[in-house]
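Trainee: I am sharing work_32.cif, which consists of mmCIF, C-alpha atoms and all ligand atoms:
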data_entry
loop_
_atom_site.group_PDB
_atom_site.id
_atom_site.type_symbol
_atom_site.label_atom_id
_atom_site.label_comp_id
_atom_site.auth_asym_id
_atom_site.auth_seq_id
_atom_site.Cartn_x
_atom_site.Cartn_y
_atom_site.Cartn_z
ATOM 1 C CA MET M 230 19.078 12.436 -1.279
ATOM 2 C CA THR M 231 19.073 8.658 -1.166
ATOM 3 C CA ASP M 232 17.237 6.200 0.971
ATOM 4 C CA GLN M 233 20.447 4.222 1.364
ATOM 5 C CA GLN M 234 21.963 7.146 3.204
ATOM 6 C CA SER M 235 19.045 7.343 5.602
ATOM 7 C CA SER M 236 18.860 3.659 6.431
ATOM 8 C CA ASP M 237 22.579 3.610 7.059
ATOM 9 C CA GLY M 238 22.238 6.777 9.098
ATOM 10 C CA VAL M 239 25.781 7.774 8.160
ATOM 11 C CA GLY M 240 26.993 11.093 6.795
ATOM 12 C CA THR M 241 23.517 12.409 6.048
ATOM 13 C CA ARG M 242 22.064 15.773 6.970
ATOM 14 C CA PRO M 243 19.125 15.046 9.326
ATOM 15 C CA GLN M 244 16.607 17.135 7.378
ATOM 16 C CA MET M 245 17.249 15.108 4.227
ATOM 17 C CA LEU M 246 16.194 11.752 5.684
ATOM 18 C CA LEU M 247 13.160 10.148 4.109
ATOM 19 C CA ARG M 248 12.923 7.212 6.494
ATOM 20 C CA ASP M 249 12.571 7.102 10.287
ATOM 21 C CA THR M 250 15.556 6.169 12.427
ATOM 22 C CA ASN M 251 16.053 5.328 16.111
ATOM 23 C CA ASN M 252 16.583 9.067 16.692
ATOM 24 C CA GLY M 253 13.562 10.575 15.024
ATOM 25 C CA TYR M 254 11.115 10.769 12.167
ATOM 26 C CA GLY M 255 12.046 11.114 8.493
ATOM 27 C CA LEU M 256 10.403 13.425 5.961
ATOM 28 C CA VAL M 257 7.672 10.957 4.955
ATOM 29 C CA SER M 258 6.400 10.434 8.524
ATOM 30 C CA ARG M 259 6.709 14.119 9.401
ATOM 31 C CA PHE M 260 4.864 15.279 6.285
ATOM 32 C CA LEU M 261 2.096 12.701 6.849
ATOM 33 C CA HIS M 262 1.832 13.445 10.587
ATOM 34 C CA TRP M 263 1.542 17.231 10.385
ATOM 35 C CA GLY M 264 -0.398 17.320 7.111
ATOM 36 C CA MET M 265 -2.957 14.837 8.391
ATOM 37 C CA ALA M 266 -3.160 16.398 11.869
ATOM 38 C CA LEU M 267 -3.992 19.777 10.292
ATOM 39 C CA ALA M 268 -6.488 18.245 7.857
ATOM 40 C CA ILE M 269 -8.227 16.163 10.550
ATOM 41 C CA VAL M 270 -8.725 19.191 12.823
ATOM 42 C CA ALA M 271 -9.962 21.231 9.815
ATOM 43 C CA MET M 272 -12.331 18.352 8.923
ATOM 44 C CA PHE M 273 -13.741 18.412 12.431
ATOM 45 C CA VAL M 274 -14.439 22.157 12.225
ATOM 46 C CA LEU M 275 -15.910 21.748 8.726
ATOM 47 C CA GLY M 276 -18.085 18.821 9.876
ATOM 48 C CA VAL M 277 -19.539 20.733 12.835
ATOM 49 C CA TRP M 278 -20.061 23.876 10.739
ATOM 50 C CA MET M 279 -21.667 22.173 7.753
ATOM 51 C CA ARG M 280 -24.289 20.579 10.018
ATOM 52 C CA THR M 281 -25.517 24.093 10.926
ATOM 53 C CA LEU M 282 -26.163 25.134 7.296
ATOM 54 C CA ASP M 283 -29.708 25.410 5.993
ATOM 55 C CA TYR M 284 -30.907 24.469 2.528
ATOM 56 C CA TYR M 285 -30.586 28.035 1.169
ATOM 57 C CA ASN M 286 -26.970 28.467 2.224
ATOM 58 C CA PRO M 287 -24.599 28.543 -0.818
ATOM 59 C CA TYR M 288 -22.336 25.996 0.939
ATOM 60 C CA TYR M 289 -25.170 23.561 1.710
ATOM 61 C CA THR M 290 -23.960 20.988 -0.863
ATOM 62 C CA LEU M 291 -20.413 22.266 -1.464
ATOM 63 C CA ALA M 292 -19.248 21.889 2.176
ATOM 64 C CA PRO M 293 -20.267 18.183 2.478
ATOM 65 C CA ASP M 294 -18.783 17.537 -1.002
ATOM 66 C CA ILE M 295 -15.443 18.927 0.209
ATOM 67 C CA HIS M 296 -15.745 17.075 3.534
ATOM 68 C CA ARG M 297 -16.362 13.729 1.791
ATOM 69 C CA GLY M 298 -13.676 14.279 -0.881
ATOM 70 C CA VAL M 299 -10.982 15.247 1.632
ATOM 71 C CA GLY M 300 -12.147 12.395 3.885
ATOM 72 C CA ILE M 301 -11.572 9.787 1.174
ATOM 73 C CA ILE M 302 -8.113 11.217 0.428
ATOM 74 C CA LEU M 303 -7.330 11.067 4.155
ATOM 75 C CA LEU M 304 -8.490 7.433 4.233
ATOM 76 C CA ILE M 305 -6.039 6.573 1.429
ATOM 77 C CA LEU M 306 -3.252 8.472 3.244
ATOM 78 C CA LEU M 307 -4.080 6.678 6.512
ATOM 79 C CA VAL M 308 -3.633 3.261 4.898
ATOM 80 C CA ALA M 309 -0.338 4.386 3.287
ATOM 81 C CA ARG M 310 0.828 5.835 6.588
ATOM 82 C CA PHE M 311 -0.005 2.666 8.499
ATOM 83 C CA ALA M 312 1.960 0.586 5.982
ATOM 84 C CA TRP M 313 4.881 3.037 6.332
ATOM 85 C CA ARG M 314 4.728 2.767 10.133
ATOM 86 C CA LEU M 315 4.829 -1.048 9.920
ATOM 87 C CA ILE M 316 7.994 -1.089 7.807
ATOM 88 C CA SER M 317 9.756 1.776 9.644
ATOM 89 C CA PRO M 318 11.819 1.696 12.836
ATOM 90 C CA LYS M 319 10.155 3.431 15.818
ATOM 91 C CA PRO M 320 12.263 6.183 17.415
ATOM 92 C CA ASP M 321 13.757 5.196 20.742
ATOM 93 C CA ASP M 322 11.517 5.624 23.821
ATOM 94 C CA SER M 323 14.052 4.787 26.537
ATOM 95 C CA GLU M 324 13.939 8.300 28.050
ATOM 96 C CA LEU M 325 10.215 7.923 28.844
ATOM 97 C CA THR M 326 8.900 6.673 32.174
ATOM 98 C CA ARG M 327 7.114 3.296 32.090
ATOM 99 C CA PHE M 328 3.739 5.087 32.284
ATOM 100 C CA GLU M 329 4.599 7.527 29.485
ATOM 101 C CA ALA M 330 5.895 4.738 27.259
ATOM 102 C CA VAL M 331 2.747 2.611 27.707
ATOM 103 C CA ALA M 332 0.392 5.615 27.344
ATOM 104 C CA SER M 333 2.071 6.922 24.180
ATOM 105 C CA HIS M 334 2.184 3.414 22.729
ATOM 106 C CA ILE M 335 -1.583 3.005 23.255
ATOM 107 C CA VAL M 336 -2.368 6.480 21.876
ATOM 108 C CA HIS M 337 -0.078 6.197 18.829
ATOM 109 C CA TRP M 338 -1.320 2.750 17.815
ATOM 110 C CA GLY M 339 -4.894 3.546 18.896
ATOM 111 C CA PHE M 340 -5.098 6.513 16.511
ATOM 112 C CA TYR M 341 -5.022 4.190 13.494
ATOM 113 C CA PRO M 342 -8.155 2.074 14.229
ATOM 114 C CA LEU M 343 -9.915 5.164 15.616
ATOM 115 C CA LEU M 344 -9.295 7.218 12.465
ATOM 116 C CA PHE M 345 -10.121 4.241 10.292
ATOM 117 C CA ALA M 346 -13.490 3.813 12.069
ATOM 118 C CA LEU M 347 -14.109 7.582 11.738
ATOM 119 C CA MET M 348 -13.526 7.500 8.010
ATOM 120 C CA ILE M 349 -15.447 4.276 7.375
ATOM 121 C CA SER M 350 -18.461 5.592 9.330
ATOM 122 C CA GLY M 351 -18.276 8.794 7.207
ATOM 123 C CA TYR M 352 -18.192 6.637 4.089
ATOM 124 C CA LEU M 353 -21.230 4.653 5.298
ATOM 125 C CA ILE M 354 -23.269 7.843 5.962
ATOM 126 C CA SER M 355 -22.501 9.054 2.470
ATOM 127 C CA THR M 356 -23.215 5.793 0.617
ATOM 128 C CA ALA M 357 -26.112 4.470 2.758
ATOM 129 C CA ASP M 358 -28.593 5.316 -0.038
ATOM 130 C CA GLY M 359 -26.588 3.385 -2.639
ATOM 131 C CA ARG M 360 -25.021 6.443 -4.281
ATOM 132 C CA PRO M 361 -21.237 6.624 -4.790
ATOM 133 C CA ILE M 362 -18.932 9.359 -3.434
ATOM 134 C CA ASN M 363 -17.468 11.573 -6.118
ATOM 135 C CA VAL M 364 -13.989 12.738 -5.078
ATOM 136 C CA PHE M 365 -13.506 16.196 -6.634
ATOM 137 C CA GLY M 366 -14.567 14.886 -10.069
ATOM 138 C CA LEU M 367 -11.483 12.638 -10.127
ATOM 139 C CA PHE M 368 -12.974 9.257 -9.283
ATOM 140 C CA ASN M 369 -16.011 7.609 -7.697
ATOM 141 C CA VAL M 370 -16.019 5.428 -4.595
ATOM 142 C CA PRO M 371 -18.984 3.042 -4.988
ATOM 143 C CA SER M 372 -21.471 2.122 -2.292
ATOM 144 C CA VAL M 373 -20.927 -1.426 -1.018
ATOM 145 C CA TYR M 374 -23.661 -1.543 1.614
ATOM 146 C CA ALA M 375 -26.960 0.351 1.485
ATOM 147 C CA ARG M 376 -29.733 -0.022 4.041
ATOM 148 C CA ALA M 377 -32.596 2.087 5.406
ATOM 149 C CA GLY M 378 -31.607 3.696 8.724
ATOM 150 C CA LEU M 379 -27.887 3.155 8.172
ATOM 151 C CA GLU M 380 -27.304 6.859 7.509
ATOM 152 C CA ASP M 381 -28.540 7.837 10.989
ATOM 153 C CA GLN M 382 -26.696 5.029 12.804
ATOM 154 C CA ALA M 383 -23.411 5.707 10.994
ATOM 155 C CA GLY M 384 -23.951 9.466 11.524
ATOM 156 C CA TYR M 385 -24.207 8.976 15.283
ATOM 157 C CA VAL M 386 -21.083 6.768 15.391
ATOM 158 C CA HIS M 387 -19.220 9.256 13.156
ATOM 159 C CA MET M 388 -20.044 12.193 15.401
ATOM 160 C CA LEU M 389 -19.081 10.266 18.541
ATOM 161 C CA ILE M 390 -15.729 9.099 17.137
ATOM 162 C CA ALA M 391 -14.977 12.585 15.781
ATOM 163 C CA TYR M 392 -15.357 14.117 19.268
ATOM 164 C CA VAL M 393 -13.383 11.292 20.950
ATOM 165 C CA THR M 394 -10.585 11.765 18.386
ATOM 166 C CA MET M 395 -10.372 15.482 19.170
ATOM 167 C CA VAL M 396 -10.168 14.825 22.928
ATOM 168 C CA ILE M 397 -7.402 12.222 22.500
ATOM 169 C CA ALA M 398 -5.545 14.491 20.049
ATOM 170 C CA ALA M 399 -5.704 17.300 22.636
ATOM 171 C CA PHE M 400 -4.166 15.061 25.341
ATOM 172 C CA HIS M 401 -1.597 13.849 22.813
ATOM 173 C CA ALA M 402 -0.622 17.464 21.998
ATOM 174 C CA ILE M 403 -0.490 18.422 25.712
ATOM 175 C CA GLY M 404 1.835 15.434 26.270
ATOM 176 C CA ALA M 405 4.085 16.582 23.406
ATOM 177 C CA PHE M 406 4.267 20.138 24.792
ATOM 178 C CA LYS M 407 4.974 18.797 28.295
ATOM 179 C CA HIS M 408 7.948 16.814 26.946
ATOM 180 C CA HIS M 409 9.190 19.909 25.143
ATOM 181 C CA PHE M 410 8.701 22.720 27.664
ATOM 182 C CA VAL M 411 8.806 20.880 31.011
ATOM 183 C CA ASP M 412 11.139 17.929 30.403
ATOM 184 C CA HIS M 413 13.207 19.733 27.708
ATOM 185 C CA SER M 414 13.371 16.466 25.778
ATOM 186 C CA HIS M 415 13.616 16.135 21.983
ATOM 187 C CA ILE M 416 10.301 14.268 21.576
ATOM 188 C CA LEU M 417 8.620 17.210 19.788
ATOM 189 C CA THR M 418 11.650 18.249 17.749
ATOM 190 C CA ARG M 419 12.235 14.732 16.438
ATOM 191 C CA MET M 420 8.716 14.875 14.937
ATOM 192 C CA TRP M 421 9.029 18.544 13.862
ATOM 193 C CA SER M 422 12.547 18.794 12.422
ATOM 194 C CA GLY M 423 13.639 15.152 12.331
ATOM 195 C CA PRO M 424 16.395 13.092 13.952
ATOM 196 C CA SER M 425 18.817 15.182 16.018
ATOM 197 C CA ASP M 426 21.939 13.179 15.251
ATOM 198 C CA THR M 427 22.037 10.354 12.764
ATOM 199 C CA THR M 428 25.661 9.411 13.237
ATOM 200 C CA SER M 429 25.660 8.475 16.910
ATOM 201 C CA GLN M 430 23.153 5.600 16.971
ATOM 202 C CA PRO M 431 22.661 2.741 14.558
ATOM 203 C CA THR M 432 19.203 2.196 13.083
ATOM 204 C CA GLU M 433 17.702 -1.030 14.216
ATOM 205 C CA HIS M 434 14.191 -2.225 13.454
ATOM 206 C CA LYS M 435 12.333 -1.765 16.689
ATOM 207 C CA ARG M 436 8.638 -1.103 17.382
HETATM 208 C C1 LIG Q 1 -10.804 13.182 8.979
HETATM 209 C C2 LIG Q 1 -11.778 12.600 9.388
HETATM 210 C C3 LIG Q 1 -13.128 13.199 9.651
HETATM 211 C C4 LIG Q 1 -13.536 14.049 10.645
HETATM 212 C C5 LIG Q 1 -12.669 14.670 11.748
HETATM 213 C C6 LIG Q 1 -14.945 14.253 10.477
HETATM 214 C C7 LIG Q 1 -15.743 15.024 11.307
HETATM 215 C C8 LIG Q 1 -17.089 15.216 11.171
HETATM 216 C C9 LIG Q 1 -17.943 15.940 12.083
HETATM 217 C C10 LIG Q 1 -17.491 16.596 13.382
HETATM 218 C C11 LIG Q 1 -19.199 15.919 11.584
HETATM 219 C C12 LIG Q 1 -20.445 16.550 12.212
HETATM 220 C C13 LIG Q 1 -21.092 15.531 13.090
HETATM 221 C C14 LIG Q 1 -22.400 15.979 13.662
HETATM 222 O O1 LIG Q 1 -22.447 17.040 14.303
HETATM 223 O O2 LIG Q 1 -23.404 15.250 13.474
HETATM 224 C C15 LIG Q 1 -19.156 15.168 10.356
HETATM 225 C C16 LIG Q 1 -20.263 14.923 9.553
HETATM 226 C C17 LIG Q 1 -20.211 14.228 8.387
HETATM 227 N N1 LIG Q 1 -19.108 13.578 7.839
HETATM 228 FE FE1 LIG Q 1 -17.251 13.554 8.608
HETATM 229 N N2 LIG Q 1 -15.378 13.551 9.381
HETATM 230 C C18 LIG Q 1 -14.289 12.891 8.843
HETATM 231 C C19 LIG Q 1 -14.280 12.069 7.737
HETATM 232 C C20 LIG Q 1 -15.367 11.848 6.917
HETATM 233 C C21 LIG Q 1 -15.355 10.982 5.748
HETATM 234 C C22 LIG Q 1 -14.174 10.144 5.279
HETATM 235 C C23 LIG Q 1 -16.590 11.047 5.202
HETATM 236 C C24 LIG Q 1 -17.125 10.399 3.978
HETATM 237 C C25 LIG Q 1 -16.433 9.876 3.047
HETATM 238 C C26 LIG Q 1 -17.385 11.933 6.038
HETATM 239 C C27 LIG Q 1 -18.725 12.244 5.821
HETATM 240 C C28 LIG Q 1 -19.505 12.979 6.667
HETATM 241 C C29 LIG Q 1 -20.909 13.282 6.413
HETATM 242 C C30 LIG Q 1 -21.731 12.825 5.206
HETATM 243 C C31 LIG Q 1 -21.347 14.051 7.489
HETATM 244 C C32 LIG Q 1 -22.747 14.639 7.702
HETATM 245 C C33 LIG Q 1 -23.484 13.751 8.629
HETATM 246 C C34 LIG Q 1 -24.915 14.183 8.810
HETATM 247 O O3 LIG Q 1 -25.348 15.162 8.203
HETATM 248 O O4 LIG Q 1 -25.576 13.523 9.633
HETATM 249 N N3 LIG Q 1 -16.605 12.391 7.080
HETATM 250 N N4 LIG Q 1 -17.869 14.744 10.131
HETATM 251 C C1 LIG Q 2 -5.495 14.807 15.006
HETATM 252 C C2 LIG Q 2 -4.265 15.124 15.261
HETATM 253 C C3 LIG Q 2 -3.114 14.157 15.466
HETATM 254 C C4 LIG Q 2 -3.011 12.825 15.178
HETATM 255 C C5 LIG Q 2 -4.056 11.918 14.550
HETATM 256 C C6 LIG Q 2 -1.674 12.399 15.579
HETATM 257 C C7 LIG Q 2 -1.189 11.104 15.471
HETATM 258 C C8 LIG Q 2 0.077 10.687 15.829
HETATM 259 C C9 LIG Q 2 0.588 9.353 15.679
HETATM 260 C C10 LIG Q 2 -0.201 8.168 15.109
HETATM 261 C C11 LIG Q 2 1.874 9.361 16.120
HETATM 262 C C12 LIG Q 2 2.835 8.163 16.164
HETATM 263 C C13 LIG Q 2 3.829 8.260 15.057
HETATM 264 C C14 LIG Q 2 3.234 7.870 13.743
HETATM 265 O O1 LIG Q 2 2.704 6.751 13.616
HETATM 266 O O2 LIG Q 2 3.296 8.678 12.806
HETATM 267 C C15 LIG Q 2 2.177 10.697 16.558
HETATM 268 C C16 LIG Q 2 3.383 11.109 17.064
HETATM 269 C C17 LIG Q 2 3.622 12.381 17.532
HETATM 270 N N1 LIG Q 2 2.746 13.443 17.557
HETATM 271 FE FE1 LIG Q 2 0.878 13.453 16.842
HETATM 272 N N2 LIG Q 2 -1.007 13.479 16.110
HETATM 273 C C18 LIG Q 2 -1.852 14.573 16.051
HETATM 274 C C19 LIG Q 2 -1.586 15.851 16.469
HETATM 275 C C20 LIG Q 2 -0.435 16.249 17.097
HETATM 276 C C21 LIG Q 2 -0.173 17.546 17.668
HETATM 277 C C22 LIG Q 2 -1.168 18.723 17.610
HETATM 278 C C23 LIG Q 2 1.072 17.516 18.209
HETATM 279 C C24 LIG Q 2 1.868 18.569 18.958
HETATM 280 C C25 LIG Q 2 1.582 19.787 19.098
HETATM 281 C C26 LIG Q 2 1.610 16.207 17.982
HETATM 282 C C27 LIG Q 2 2.866 15.781 18.359
HETATM 283 C C28 LIG Q 2 3.384 14.528 18.135
HETATM 284 C C29 LIG Q 2 4.739 14.145 18.489
HETATM 285 C C30 LIG Q 2 5.790 15.028 19.172
HETATM 286 C C31 LIG Q 2 4.893 12.806 18.119
HETATM 287 C C32 LIG Q 2 6.143 11.929 18.293
HETATM 288 C C33 LIG Q 2 6.103 11.253 19.622
HETATM 289 C C34 LIG Q 2 7.270 10.325 19.807
HETATM 290 O O3 LIG Q 2 8.238 10.408 19.084
HETATM 291 O O4 LIG Q 2 7.199 9.496 20.724
HETATM 292 N N3 LIG Q 2 0.673 15.450 17.314
HETATM 293 N N4 LIG Q 2 1.053 11.488 16.381
#
Please go through the file and, once you have read it, give me the structure as structure tokens.

Mentor:
Amino acid sequence: MTDQQSSDGVGTRPQMLLRDTNNGYGLVSRFLHWGMALAIVAMFVLGVWMRTLDYYNPYYTLAPDIHRGVGIILLILLVARFAWRLISPKPDDSELTRFEAVASHIVHWGFYPLLFALMISGYLISTADGRPINVFGLFNVPSVYARAGLEDQAGYVHMLIAYVTMVIAAFHAIGAFKHHFVDHSHILTRMWSGPSDTTSQPTEHKR
């Protein structure tokens, strides 16, 4: 598998593409999209659940440790994914109506600042007392801003953004299923199994 093959889009089996093309998403974007989508939903469930635990529960400290550790890894992946999006061509949207194109554009680009704010507010809750975050014993993320009352303010913002993210993700998923089952378009398959045909359209940098 070579990147040259994918950027040329010639003579390559679709599933082997690393990079995105005009026709669909390559392995890097697909892996990041589905891996992060699953992790973000799991983080939401974990976040809600861990808030119900009392001091004597065996998961009282373990669950937040996992939540914070996974959260920091997701923050690193989000930055990498955003950089990848900026240097990758965006699959062609010409089959969408004007409304669908504008709405999906807002949602797709809006996810990045929303998730970034979610993760930064989580970081601020965790480091508001000046202590660093230990990520699974691998490395520490230091506190850069500690202040009395910050934990509660960041906690409120974090909760709010987490719920808003889940609502938008639900609409986003409904939209994807509508394209697949009602319109019979390849919008879902080009994110699930990659570009449908890499030989018919040239790859041109378009966003
Ligand atoms: C993938 C992104 C994330 C999602 C979906 C998420 C979701 C949630 C949810 C739903 C809660 C419970 C809110 C409540 O009921 O008050 C929560 C709490 C919390 N989250 Fe996150 N979170 C994410 C990332 C992070 C990150 C990156 C950190 C820290 C590095 C973090 C640290 C915390 C902490 C410390 C709490 C407990 C807050 C408290 O006890 O008041 N979260 N999170
Ligand atoms: C928290 C969960 C999710 C987040 C944060 C998310 C985020 C994104 C983002 C940012 C894009 C734009 C492409 C990119 O930059 O990678 C995208 C595309 C896409 N997502 Fe999601 N997504 C989530 C869940 C889902 C779910 C559950 C489905 C379907 C069941 C889905 C289906 C799609 C499809 C089909 C595309 C491609 C749309 C197109 O080509 O125009 N996503 N998603």

Trainee: CA of Ile269 in chain M and CA of Pro342 in chain M are how many Å apart?

Mentor: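 Between these atoms lies a distance of 14.6 Å.
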
Trainee: Which residues sit within 7 Å of ligand LIG 2 (chain Q), counting all atoms listed in the file, listed as a PDB file with C-alpha atoms, in the frame of the given file?

Mentor:
ATOM      1  CA  GLY M 253      13.562  10.575  15.024  1.00  0.00           C
ATOM      2  CA  SER M 258       6.400  10.434   8.524  1.00  0.00           C
ATOM      3  CA  HIS M 262       1.832  13.445  10.587  1.00  0.00           C
ATOM      4  CA  TRP M 263       1.542  17.231  10.385  1.00  0.00           C
ATOM      5  CA  MET M 265      -2.957  14.837   8.391  1.00  0.00           C
ATOM      6  CA  ALA M 266      -3.160  16.398  11.869  1.00  0.00           C
ATOM      7  CA  LEU M 267      -3.992  19.777  10.292  1.00  0.00           C
ATOM      8  CA  ILE M 269      -8.227  16.163  10.550  1.00  0.00           C
ATOM      9  CA  VAL M 270      -8.725  19.191  12.823  1.00  0.00           C
ATOM     10  CA  ARG M 314       4.728   2.767  10.133  1.00  0.00           C
ATOM     11  CA  PRO M 320      12.263   6.183  17.415  1.00  0.00           C
ATOM     12  CA  ASP M 322      11.517   5.624  23.821  1.00  0.00           C
ATOM     13  CA  SER M 333       2.071   6.922  24.180  1.00  0.00           C
ATOM     14  CA  HIS M 337      -0.078   6.197  18.829  1.00  0.00           C
ATOM     15  CA  TRP M 338      -1.320   2.750  17.815  1.00  0.00           C
ATOM     16  CA  PHE M 340      -5.098   6.513  16.511  1.00  0.00           C
ATOM     17  CA  TYR M 341      -5.022   4.190  13.494  1.00  0.00           C
ATOM     18  CA  THR M 394     -10.585  11.765  18.386  1.00  0.00           C
ATOM     19  CA  MET M 395     -10.372  15.482  19.170  1.00  0.00           C
ATOM     20  CA  ALA M 398      -5.545  14.491  20.049  1.00  0.00           C
ATOM     21  CA  ALA M 399      -5.704  17.300  22.636  1.00  0.00           C
ATOM     22  CA  HIS M 401      -1.597  13.849  22.813  1.00  0.00           C
ATOM     23  CA  ALA M 402      -0.622  17.464  21.998  1.00  0.00           C
ATOM     24  CA  ALA M 405       4.085  16.582  23.406  1.00  0.00           C
ATOM     25  CA  PHE M 406       4.267  20.138  24.792  1.00  0.00           C
ATOM     26  CA  ILE M 416      10.301  14.268  21.576  1.00  0.00           C
ATOM     27  CA  LEU M 417       8.620  17.210  19.788  1.00  0.00           C
ATOM     28  CA  THR M 418      11.650  18.249  17.749  1.00  0.00           C
ATOM     29  CA  ARG M 419      12.235  14.732  16.438  1.00  0.00           C
ATOM     30  CA  MET M 420       8.716  14.875  14.937  1.00  0.00           C
TER      31      MET M 420
END

Trainee: Report the distance between CA of Leu256 in chain M and CA of Leu304 in chain M in Å, rounded to one decimal place.

Mentor: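 CA of Leu304 in chain M lies at a distance of 19.9 Å from CA of Leu256 in chain M.
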
Trainee: CA of Leu282 in chain M and CA of Ile305 in chain M are how many Å apart?

Mentor: 28.0 Å

Trainee: Enumerate residues in contact with ligand LIG 1 (chain Q): an atom-to-atom distance of at most 8 Å, counting all atoms listed in the file. Format the result as a ChimeraX atom specification.

Mentor: /M:268-280,293,296-304,344,347-355,362,380-381,384-385,387-389,391-392,394-395

Trainee: Spell out the residues picked by the PyMOL selection byres (((chain M and resi 325) around 12) and not hetatm) here, as a ChimeraX atom specification.

Mentor: /M:320-324,326-334,404-405,408,412,414-416

Trainee: Name the residues that the PyMOL selection byres (((chain M and resi 366-372) around 9) and not hetatm) pulls out of this structure, and write them as a PyMOL selection string.

Mentor: chain M and resi 301+352-353+355-365+373-375

Trainee: Could you check the closest approach to Gly339 in chain M for each of M:Phe311, M:Val257, M:Val386, M:Leu291 and tell me which residue wins, using all atoms listed in the file?

Mentor: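 Counting all atoms listed in the file, the residue closest to Gly339 in chain M is M:Phe311.
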
Trainee: With the PyMOL selection byres (((chain M and resi 313) around 12) and not hetatm) as the selection, what would be picked from this file? Answer as a compact mmCIF listing (two decimals) with C-alpha atoms, in the frame of the given file, please.

Mentor:
# COMPACT_ATOMS: atom_id res chain seq x y z
CA LEU M 247 13.16 10.15 4.11
CA ARG M 248 12.92 7.21 6.49
CA ASP M 249 12.57 7.10 10.29
CA TYR M 254 11.12 10.77 12.17
CA GLY M 255 12.05 11.11 8.49
CA LEU M 256 10.40 13.42 5.96
CA VAL M 257 7.67 10.96 4.96
CA SER M 258 6.40 10.43 8.52
CA ARG M 259 6.71 14.12 9.40
CA LEU M 261 2.10 12.70 6.85
CA HIS M 262 1.83 13.44 10.59
CA LEU M 306 -3.25 8.47 3.24
CA LEU M 307 -4.08 6.68 6.51
CA VAL M 308 -3.63 3.26 4.90
CA ALA M 309 -0.34 4.39 3.29
CA ARG M 310 0.83 5.84 6.59
CA PHE M 311 0.00 2.67 8.50
CA ALA M 312 1.96 0.59 5.98
CA ARG M 314 4.73 2.77 10.13
CA LEU M 315 4.83 -1.05 9.92
CA ILE M 316 7.99 -1.09 7.81
CA SER M 317 9.76 1.78 9.64
CA PRO M 318 11.82 1.70 12.84
CA LYS M 319 10.15 3.43 15.82
